[in-house]
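Chemist: File name model_18.cif; file contents mmCIF, C-alpha atoms; full text below.
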data_run
loop_
_atom_site.label_atom_id
_atom_site.label_comp_id
_atom_site.auth_asym_id
_atom_site.auth_seq_id
_atom_site.Cartn_x
_atom_site.Cartn_y
_atom_site.Cartn_z
CA MET A 1 -56.45 59.02 -11.36
CA ALA A 2 -53.42 59.63 -9.15
CA ARG A 3 -51.80 56.42 -10.43
CA ALA A 4 -52.30 57.57 -14.01
CA LEU A 5 -50.83 61.03 -13.27
CA LEU A 6 -47.80 59.52 -11.56
CA HIS A 7 -47.36 57.18 -14.44
CA ARG A 8 -47.37 60.11 -16.87
CA ARG A 9 -44.82 62.14 -14.85
CA CYS A 10 -42.34 59.25 -14.76
CA LEU A 11 -42.40 58.66 -18.49
CA PRO A 12 -40.12 60.57 -20.86
CA PRO A 13 -41.83 63.06 -23.10
CA ARG A 14 -43.47 61.79 -26.23
CA GLY A 15 -42.84 63.09 -29.69
CA PRO A 16 -39.73 63.75 -31.77
CA GLY A 17 -37.54 64.51 -28.72
CA ARG A 18 -38.16 61.17 -27.08
CA GLY A 19 -35.25 59.42 -28.81
CA LEU A 20 -32.83 62.22 -27.88
CA TRP A 21 -34.04 62.12 -24.28
CA ALA A 22 -33.52 58.43 -24.13
CA ALA A 23 -29.97 58.75 -25.44
CA LEU A 24 -28.90 61.61 -23.15
CA GLY A 25 -30.83 60.70 -20.04
CA PRO A 26 -32.77 63.12 -17.88
CA PRO A 27 -31.75 66.77 -17.86
CA PRO A 28 -29.26 67.65 -15.15
CA GLY A 29 -30.63 69.35 -12.11
CA PRO A 30 -28.95 71.28 -9.32
CA PRO A 31 -26.74 68.99 -7.25
CA SER A 32 -28.00 68.31 -3.79
CA HIS A 33 -25.88 68.89 -0.69
CA GLY A 34 -23.46 66.02 -0.17
CA ALA A 35 -24.13 64.50 -3.57
CA THR A 36 -21.24 62.62 -5.16
CA PRO A 37 -20.30 63.00 -8.83
CA ARG A 38 -21.79 60.46 -11.14
CA ARG A 39 -19.29 57.74 -12.07
CA LEU A 40 -18.68 56.69 -15.60
CA SER A 41 -19.79 53.24 -16.45
CA GLY A 42 -19.00 50.83 -19.23
CA ALA A 43 -16.00 51.05 -21.58
CA ALA A 44 -15.51 54.81 -21.07
CA GLY A 45 -15.19 54.45 -17.32
CA ALA A 46 -12.84 51.49 -17.57
CA GLY A 47 -10.65 53.36 -20.09
CA ARG A 48 -10.32 56.40 -17.87
CA LEU A 49 -9.55 54.29 -14.81
CA ALA A 50 -6.83 52.42 -16.70
CA LEU A 51 -5.25 55.63 -18.09
CA GLY A 52 -3.42 56.59 -14.88
CA PRO A 53 -1.56 53.29 -14.38
CA ARG A 54 -0.82 53.13 -18.09
CA LEU A 55 0.88 56.53 -17.97
CA LEU A 56 2.90 55.46 -14.95
CA VAL A 57 4.02 52.30 -16.71
CA THR A 58 4.96 54.25 -19.84
CA ALA A 59 6.91 56.81 -17.81
CA GLY A 60 8.70 54.04 -15.95
CA ILE A 61 9.71 52.30 -19.17
CA GLY A 62 10.89 55.60 -20.67
CA GLY A 63 12.94 56.45 -17.58
CA ALA A 64 14.57 53.02 -17.56
CA ALA A 65 15.38 53.31 -21.27
CA LEU A 66 16.93 56.76 -20.76
CA ALA A 67 19.01 55.55 -17.82
CA GLY A 68 20.20 52.60 -19.86
CA TRP A 69 21.13 54.82 -22.78
CA LEU A 70 23.07 57.21 -20.55
CA TYR A 71 24.93 54.29 -18.97
CA LEU A 72 25.87 52.83 -22.35
CA ARG A 73 27.01 56.23 -23.59
CA ALA A 74 29.22 56.71 -20.51
CA GLN A 75 30.68 53.24 -21.00
CA LYS A 76 31.36 53.92 -24.67
CA GLU A 77 33.05 57.23 -23.86
CA GLN A 78 35.24 55.56 -21.23
CA GLN A 79 36.26 52.87 -23.70
CA ARG A 80 37.11 55.56 -26.26
CA LYS A 81 39.36 57.32 -23.76
CA LEU A 82 41.11 54.06 -22.88
CA ARG A 83 41.73 53.30 -26.55
CA ARG A 84 43.12 56.79 -27.14
CA LEU A 85 45.37 56.52 -24.09
CA GLN A 86 46.66 53.14 -25.27
CA GLU A 87 47.36 54.60 -28.72
CA LEU A 88 49.39 57.43 -27.20
CA LYS A 89 51.29 55.00 -25.01
CA LYS A 90 52.14 52.90 -28.04
CA LEU A 91 53.61 56.00 -29.64
CA SER A 92 55.84 56.37 -26.58
CA ILE A 93 56.09 60.11 -27.24
CA GLY A 94 56.45 62.38 -24.23
CA GLN A 95 55.61 59.62 -21.76
CA GLY A 96 58.76 60.01 -19.69
CA ASN A 97 59.81 62.80 -17.38
CA PHE A 98 62.71 65.20 -17.80
CA GLN A 99 64.95 67.01 -15.36
CA LEU A 100 66.50 70.16 -16.78
CA LEU A 101 67.36 73.75 -15.86
CA ASP A 102 65.44 76.71 -17.23
CA HIS A 103 67.18 79.85 -18.47
CA THR A 104 67.02 81.37 -14.99
CA GLY A 105 68.84 78.39 -13.47
CA ARG A 106 65.74 76.92 -11.84
CA PRO A 107 65.37 73.10 -11.91
CA ARG A 108 62.41 72.01 -14.03
CA THR A 109 60.63 68.72 -14.58
CA LYS A 110 57.76 67.78 -16.81
CA ALA A 111 55.47 67.76 -13.78
CA ASP A 112 55.94 71.54 -13.49
CA PHE A 113 53.88 72.01 -16.64
CA LEU A 114 50.96 69.73 -15.84
CA GLY A 115 47.69 71.61 -16.16
CA GLN A 116 49.08 73.80 -18.96
CA TRP A 117 48.97 73.67 -22.73
CA VAL A 118 52.54 73.41 -24.00
CA LEU A 119 54.14 73.99 -27.40
CA LEU A 120 57.58 72.40 -27.34
CA TYR A 121 60.48 72.77 -29.75
CA PHE A 122 63.96 71.15 -29.72
CA GLY A 123 66.82 73.13 -31.29
CA PHE A 124 70.09 74.91 -30.53
CA THR A 125 71.17 78.50 -30.15
CA HIS A 126 73.84 78.41 -32.89
CA CYS A 127 71.34 77.31 -35.50
CA PRO A 128 71.70 79.70 -38.46
CA ASP A 129 68.16 79.77 -39.84
CA ILE A 130 65.77 76.86 -39.20
CA CYS A 131 65.53 77.19 -35.42
CA PRO A 132 65.01 80.97 -35.46
CA ASP A 133 62.34 80.56 -38.14
CA GLU A 134 60.50 77.86 -36.19
CA LEU A 135 60.70 79.72 -32.87
CA GLU A 136 59.40 82.89 -34.53
CA LYS A 137 56.54 80.86 -35.95
CA LEU A 138 55.87 79.30 -32.55
CA SER A 139 55.82 82.80 -31.03
CA ARG A 140 53.27 83.97 -33.60
CA VAL A 141 51.09 80.95 -32.81
CA VAL A 142 51.08 81.89 -29.13
CA GLU A 143 50.24 85.50 -30.01
CA LEU A 144 47.34 84.39 -32.21
CA LEU A 145 45.93 82.25 -29.43
CA ASP A 146 46.43 85.02 -26.85
CA ARG A 147 44.04 87.22 -28.84
CA ASP A 148 41.13 85.09 -27.63
CA PRO A 149 40.77 85.68 -23.87
CA ALA A 150 38.48 82.64 -23.59
CA LEU A 151 41.34 80.28 -24.45
CA PRO A 152 43.86 79.09 -21.86
CA ARG A 153 47.39 80.48 -22.08
CA VAL A 154 49.95 78.37 -23.91
CA GLN A 155 53.39 77.80 -22.42
CA PRO A 156 56.10 77.76 -25.14
CA LEU A 157 59.19 75.67 -24.35
CA PHE A 158 62.59 75.43 -26.03
CA ILE A 159 64.92 72.51 -25.20
CA THR A 160 68.44 72.65 -26.54
CA VAL A 161 69.99 69.67 -28.29
CA ASP A 162 73.45 71.22 -27.92
CA PRO A 163 74.17 71.18 -24.19
CA GLU A 164 77.92 71.45 -24.76
CA ARG A 165 77.57 75.08 -25.88
CA ASP A 166 74.07 75.97 -24.66
CA ASP A 167 74.47 76.54 -20.96
CA VAL A 168 71.96 78.51 -18.87
CA ALA A 169 73.45 81.90 -19.83
CA ALA A 170 73.52 81.11 -23.55
CA VAL A 171 69.92 79.90 -23.53
CA ALA A 172 68.84 82.99 -21.56
CA ARG A 173 70.35 85.30 -24.20
CA TYR A 174 68.75 83.31 -26.99
CA VAL A 175 65.13 83.15 -25.79
CA ARG A 176 64.99 86.93 -25.29
CA ASP A 177 64.62 87.33 -29.05
CA PHE A 178 61.30 85.47 -29.13
CA HIS A 179 58.04 85.36 -27.17
CA PRO A 180 58.34 86.76 -23.62
CA ARG A 181 56.80 83.57 -22.18
CA LEU A 182 59.27 81.31 -24.03
CA LEU A 183 61.10 79.20 -21.48
CA GLY A 184 64.51 77.80 -22.45
CA LEU A 185 65.70 74.50 -20.96
CA THR A 186 69.14 72.92 -20.86
CA GLY A 187 71.06 70.43 -18.78
CA SER A 188 73.82 67.87 -18.85
CA PRO A 189 74.31 65.83 -22.04
CA GLU A 190 72.70 62.86 -20.30
CA GLN A 191 69.67 64.89 -19.17
CA VAL A 192 69.18 66.39 -22.63
CA ARG A 193 69.54 62.94 -24.19
CA GLU A 194 66.80 61.56 -21.95
CA ALA A 195 64.48 64.46 -22.79
CA GLY A 196 65.06 63.98 -26.51
CA LYS A 197 64.55 60.25 -26.24
CA ALA A 198 61.16 60.77 -24.58
CA TYR A 199 59.99 62.71 -27.66
CA ARG A 200 61.84 60.63 -30.25
CA VAL A 201 63.97 63.57 -31.22
CA TYR A 202 66.96 62.78 -33.39
CA TYR A 203 70.01 65.01 -33.15
CA SER A 204 73.65 64.64 -34.09
CA ALA A 205 76.50 67.14 -34.04
CA GLY A 206 78.37 67.56 -37.32
CA PRO A 207 82.12 67.99 -37.84
CA LYS A 208 83.83 71.07 -36.44
CA ASP A 209 85.36 73.70 -38.69
CA GLU A 210 88.60 75.65 -38.07
CA ASP A 211 86.75 77.87 -35.59
CA ASP A 212 85.44 74.84 -33.68
CA ASP A 213 81.96 75.70 -34.91
CA TYR A 214 79.57 72.98 -35.94
CA ILE A 215 75.97 72.39 -36.96
CA VAL A 216 73.64 70.02 -35.12
CA ASP A 217 71.35 68.01 -37.36
CA HIS A 218 68.06 67.44 -35.52
CA THR A 219 64.35 66.74 -35.80
CA VAL A 220 62.38 69.88 -36.70
CA ILE A 221 58.98 69.50 -35.09
CA ILE A 222 56.76 71.55 -32.78
CA TYR A 223 54.99 69.32 -30.25
CA LEU A 224 51.62 70.02 -28.63
CA LEU A 225 51.11 68.68 -25.10
CA GLY A 226 47.77 68.76 -23.32
CA PRO A 227 47.18 69.70 -19.67
CA ASP A 228 47.59 66.04 -18.65
CA GLY A 229 51.12 66.09 -20.09
CA LEU A 230 50.33 63.73 -22.94
CA PHE A 231 51.39 64.30 -26.53
CA LEU A 232 48.41 65.41 -28.64
CA ASP A 233 49.76 66.62 -31.98
CA TYR A 234 52.84 67.76 -33.86
CA TYR A 235 53.55 70.32 -36.57
CA ASN A 236 56.37 70.20 -39.12
CA ARG A 237 57.94 73.03 -41.09
CA GLY A 238 55.17 72.94 -43.68
CA LYS A 239 52.53 74.10 -41.17
CA THR A 240 51.94 77.84 -41.05
CA ASP A 241 51.37 79.75 -37.83
CA ALA A 242 47.68 80.20 -38.72
CA LYS A 243 47.20 76.47 -39.35
CA ILE A 244 48.93 75.54 -36.10
CA ALA A 245 46.88 78.05 -34.11
CA GLN A 246 43.68 76.69 -35.67
CA SER A 247 44.69 73.13 -34.76
CA VAL A 248 45.60 74.07 -31.17
CA ARG A 249 42.30 75.92 -30.78
CA HIS A 250 40.41 72.85 -31.97
CA HIS A 251 42.28 70.66 -29.47
CA MET A 252 41.44 73.10 -26.69
CA GLU A 253 37.76 73.27 -27.55
CA THR A 254 37.35 69.49 -27.78
CA TYR A 255 39.76 68.53 -25.00
CA GLU A 256 38.85 65.84 -22.50
CA SER A 257 41.47 64.51 -20.13
CA LEU A 258 42.38 60.91 -20.91
CA LEU A 259 43.55 60.34 -17.35
CA SER A 260 40.23 61.06 -15.60
#
Transcribe the structure of this file into structure tokens.

Modeler:
Amino acid sequence: MARALLHRRCLPPRGPGRGLWAALGPPPGPPSHGATPRRLSGAAGAGRLALGPRLLVTAGIGGAALAGWLYLRAQKEQQRKLRRLQELKKLSIGQGNFQLLDHTGRPRTKADFLGQWVLLYFGFTHCPDICPDELEKLSRVVELLDRDPALPRVQPLFITVDPERDDVAAVARYVRDFHPRLLGLTGSPEQVREAGKAYRVYYSAGPKDEDDDYIVDHTVIIYLLGPDGLFLDYYNRGKTDAKIAQSVRHHMETYESLLS
């Protein structure tokens, strides 16, 4: 009798619920003290055990791919800078130094303006119309850029191509009519010639009239130099002050030193 009763208690219930019982197993009871969680068995258990290492492997592959991509991008950017620097060197514009005097009599070299944005114009103080027009335009460009306090300040420079007449005093009187930051530079004929040569500036004095006056034919271009002292762009007479300011702003916002 006892064996039959025990046999009945160990069997799953009969009837319609027997199949469901067999599929789910016995109903869960309260866990006993010190009992360990039931481990998954079969394919489900193996899948869950393999999930952790698989995620680690995936993360490792992704990290290596990202590191490789960043390295290639840095290499590509460095190569782009080298190509740009080589292109500027081939132009041979503004690569050399200059040694001149500013309109206060202070010696100046190109190194004095490193770290600054520079707009540079070559002309002469006896110029009847073109030079005043271009220097007024250059001054308006600087004023337009000064309106944005987020932009660095531009240093305007004027280098005479007529050192015979444009001494320090003459240049000082001339630059007062333009932007207050405009710095006038002059020097000996040899020093001015070297400065012009560095920027491929052509100039030639014409014949003198009965008053010993003469006109100097010269290149009419405004040069843009970046903080590393390299030539970045130029603007001829056809460029308006607004167009030049827009171009300079773009150079400032996208600037990356080619020497770093």

Chemist: Quick one: which residues end up in the PyMOL selection byres ((chain A and resi 126-141) around 10) for this structure, as an MDAnalysis selection string?

Modeler: chainID A and resid 119:125 142:146 154 156:158 162 165:166 170 174:175 177:182 213:217 220:222 236:237 239:246 248

Chemist: What does the distance from atom CA of Thr160 of chain A to atom CA of Gly115 of chain A come to in Å, to one decimal?

Modeler: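 These two atoms are separated by 23.2 Å.
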
Chemist: To test your reading of the syntax: which residues would the PyMOL selection byres ((chain A and resi 204) around 8) return for the file shown? Reply as a short mmCIF file (atom, residue, chain, number, x, y, z; two decimals) with C-alpha atoms, in the coordinates of the input.

Modeler:
data_model
loop_
_atom_site.label_atom_id
_atom_site.label_comp_id
_atom_site.auth_asym_id
_atom_site.auth_seq_id
_atom_site.Cartn_x
_atom_site.Cartn_y
_atom_site.Cartn_z
CA TYR A 202 66.96 62.78 -33.39
CA TYR A 203 70.01 65.01 -33.15
CA ALA A 205 76.50 67.14 -34.04
CA GLY A 206 78.37 67.56 -37.32
CA VAL A 216 73.64 70.02 -35.12
CA ASP A 217 71.35 68.01 -37.36
CA HIS A 218 68.06 67.44 -35.52
#

Chemist: Looking at A:Ile61, A:Leu230, A:Leu183, A:Leu100, which one is nearest to Leu114 of chain A, with distances taken over all atoms listed in the file?

Modeler: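 Residue with the minimum atom-to-atom distance to Leu114 of chain A: A:Leu230.
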
Chemist: As an exercise, work out the distance from atom CA of Asp148 of chain A to atom CA of Leu225 of chain A in Å and give it to one decimal place.

Modeler: 19.4 Å

Chemist: Place a sphere of radius 9 Å on (42.8, 67.7, -24.2) in the file coordinates and name every protein, DNA or RNA residue with an atom inside or on its surface, counting all atoms listed in the file; give the answer as an MDAnalysis selection string.

Modeler: chainID A and resid 117 225:228 230 232 251:258
